[in-house]
Amino acid sequence: EDIVSHGIIPELIARFPVLVQMNELDFDSFVKILKSNNSVIKLNEEFFDKKGVKLVVDESAIKEVAKQASKNNYGARGLDEIIERALSTASFEIASNPDKYSSLVINEDTINDNKKYILTKKEQVEENINS
């Protein structure tokens, strides 16, 4: 408002970048973000659900993601990167065999090594029901 009152047109002021200082996120903040309704985990649950696969994220996975984000001084967007990296190998496997699996479970080990995930085949579920 002060700049406009000194004669600079509002259209020019609207083009100035806005800088905002934010508080640093800690472990508990990351856990809260990961458990929110808009989290990257919820988005991936919906994504896998559309493919007919139930995504199960263990509590240890959430804590490990928060731990890594805190250690590396990531922001909230850094959580996306960690989760996407953890799901990349399993996503490829599911995309290669779309009708083969019923669930994907990720835990702390998956966050540290994206090859350590648990996929349940649809046949296994049917066999367990009949047993």
# chains A, B, ... in the order shown; residues from 1 in each chain; ligands from 1
>>> select_by_dssp(residues="stretch 24-82 of chain A", states="strand (DSSP E)", output="number ranges by chain")
A: 54-57
>>> write_last_selection(atoms="N, CA, C and O atoms", output="CSV table (one decimal), in the first residue's frame")
chain,number,residue,atom,x,y,z
A,54,LYS,N,-4.7,-52.6,-2.8
A,54,LYS,CA,-4.8,-51.9,-1.5
A,54,LYS,C,-3.4,-51.6,-1.0
A,54,LYS,O,-2.6,-52.5,-0.8
A,55,LEU,N,-3.1,-50.3,-0.8
A,55,LEU,CA,-1.8,-49.8,-0.3
A,55,LEU,C,-1.9,-49.8,1.2
A,55,LEU,O,-2.8,-49.1,1.8
A,56,VAL,N,-1.0,-50.5,1.9
A,56,VAL,CA,-1.0,-50.5,3.4
A,56,VAL,C,0.3,-49.9,3.8
A,56,VAL,O,1.4,-50.4,3.5
A,57,VAL,N,0.3,-48.8,4.5
A,57,VAL,CA,1.5,-48.1,5.0
A,57,VAL,C,1.6,-48.3,6.5
A,57,VAL,O,0.8,-47.9,7.3
>>> residues_around(residues="A:Leu87", least_positions_apart="5", cutoff="9 Å", atoms="only C-alpha atoms", output="list in words")
Ile82, Phe92, Ile106, Thr110, Ile111, Asn114, Lys115 and Tyr117 of chain A
>>> residues_around(residues="A:Glu1", least_positions_apart="4", cutoff="12 Å", atoms="only C-alpha atoms", output="number ranges by chain")
A: 5-10, 13-14
>>> select_by_dssp(residues="chain A", states="helix (DSSP H, G or I)", output="VMD selection string")
chain A and resid 2 to 5 10 to 13 27 to 34 40 to 50 59 to 71 76 to 96 108 to 112 122 to 130
>>> residues_around(residues="A:Asp26", least_positions_apart="3", cutoff="12 Å", atoms="only C-alpha atoms", output="PyMOL selection string")
chain A and resi 23+29-33+63+65-76
>>> atom_distance(atom1="atom CA of A:Glu84", atom2="atom CA of A:Asn38")
15.3 Å
>>> residues_around(residues="A:Gly52", least_positions_apart="3", cutoff="9 Å", atoms="only C-alpha atoms", output="list of chain:residue names")
A:Phe48, A:Asp49, A:Pro98, A:Asp99, A:Tyr101, A:Ser102, A:Ser103
>>> write_last_selection(atoms="N, CA, C and O atoms", output="compact mmCIF listing (two decimals), in the first residue's frame")
# COMPACT_ATOMS: atom_id res chain seq x y z
N PHE A 48 -3.40 -46.47 -6.13
CA PHE A 48 -3.32 -47.93 -6.15
C PHE A 48 -4.72 -48.56 -6.11
O PHE A 48 -4.95 -49.61 -6.72
N ASP A 49 -5.64 -47.93 -5.40
CA ASP A 49 -7.00 -48.43 -5.33
C ASP A 49 -7.64 -48.47 -6.72
O ASP A 49 -8.37 -49.41 -7.05
N PRO A 98 -0.88 -55.92 -13.86
CA PRO A 98 -1.95 -55.18 -13.20
C PRO A 98 -3.03 -56.02 -12.51
O PRO A 98 -3.61 -55.58 -11.53
N ASP A 99 -3.30 -57.22 -12.98
CA ASP A 99 -4.37 -58.02 -12.38
C ASP A 99 -3.86 -59.09 -11.44
O ASP A 99 -4.63 -59.94 -10.98
N TYR A 101 -2.04 -58.66 -8.39
CA TYR A 101 -1.84 -58.36 -6.97
C TYR A 101 -3.08 -57.73 -6.33
O TYR A 101 -3.82 -56.99 -6.97
N SER A 102 -3.25 -58.01 -5.05
CA SER A 102 -4.38 -57.44 -4.31
C SER A 102 -3.94 -56.38 -3.29
O SER A 102 -4.72 -55.49 -2.96
N SER A 103 -2.71 -56.47 -2.77
CA SER A 103 -2.28 -55.47 -1.79
C SER A 103 -0.76 -55.27 -1.83
O SER A 103 -0.02 -56.16 -2.25
>>> closest_residue(among="A:Lys121, A:Lys35, A:Ser91, A:Asn97", to="A:Phe47", atoms="only C-alpha atoms")
A:Ser91
>>> residues_around(residues="A:Asp58", least_positions_apart="6", cutoff="8 Å", atoms="only C-alpha atoms", output="list of chain:residue names")
A:Val105, A:Ile106, A:Asn107, A:Glu108
>>> write_last_selection(atoms="N, CA, C and O atoms", output="JSON list (two decimals), in the first residue's frame")
[["chain", "number", "residue", "atom", "x", "y", "z"],
["A", 105, "VAL", "N", 2.19, -53.75, 0.82],
["A", 105, "VAL", "CA", 2.50, -53.30, 2.18],
["A", 105, "VAL", "C", 3.90, -52.72, 2.17],
["A", 105, "VAL", "O", 4.84, -53.35, 1.67],
["A", 106, "ILE", "N", 4.02, -51.48, 2.69],
["A", 106, "ILE", "CA", 5.35, -50.89, 2.84],
["A", 106, "ILE", "C", 5.59, -50.63, 4.32],
["A", 106, "ILE", "O", 4.67, -50.32, 5.07],
["A", 107, "ASN", "N", 6.85, -50.78, 4.70],
["A", 107, "ASN", "CA", 7.24, -50.56, 6.09],
["A", 107, "ASN", "C", 8.57, -49.82, 6.12],
["A", 107, "ASN", "O", 9.01, -49.30, 5.10],
["A", 108, "GLU", "N", 9.19, -49.78, 7.26],
["A", 108, "GLU", "CA", 10.46, -49.06, 7.44],
["A", 108, "GLU", "C", 11.52, -49.56, 6.46],
["A", 108, "GLU", "O", 12.27, -48.78, 5.89]]
>>> atom_distance(atom1="atom CA of A:Thr120", atom2="atom CA of A:Ser36")
26.2 Å
>>> atom_distance(atom1="atom CA of A:Lys51", atom2="atom CA of A:Lys100")
10.5 Å
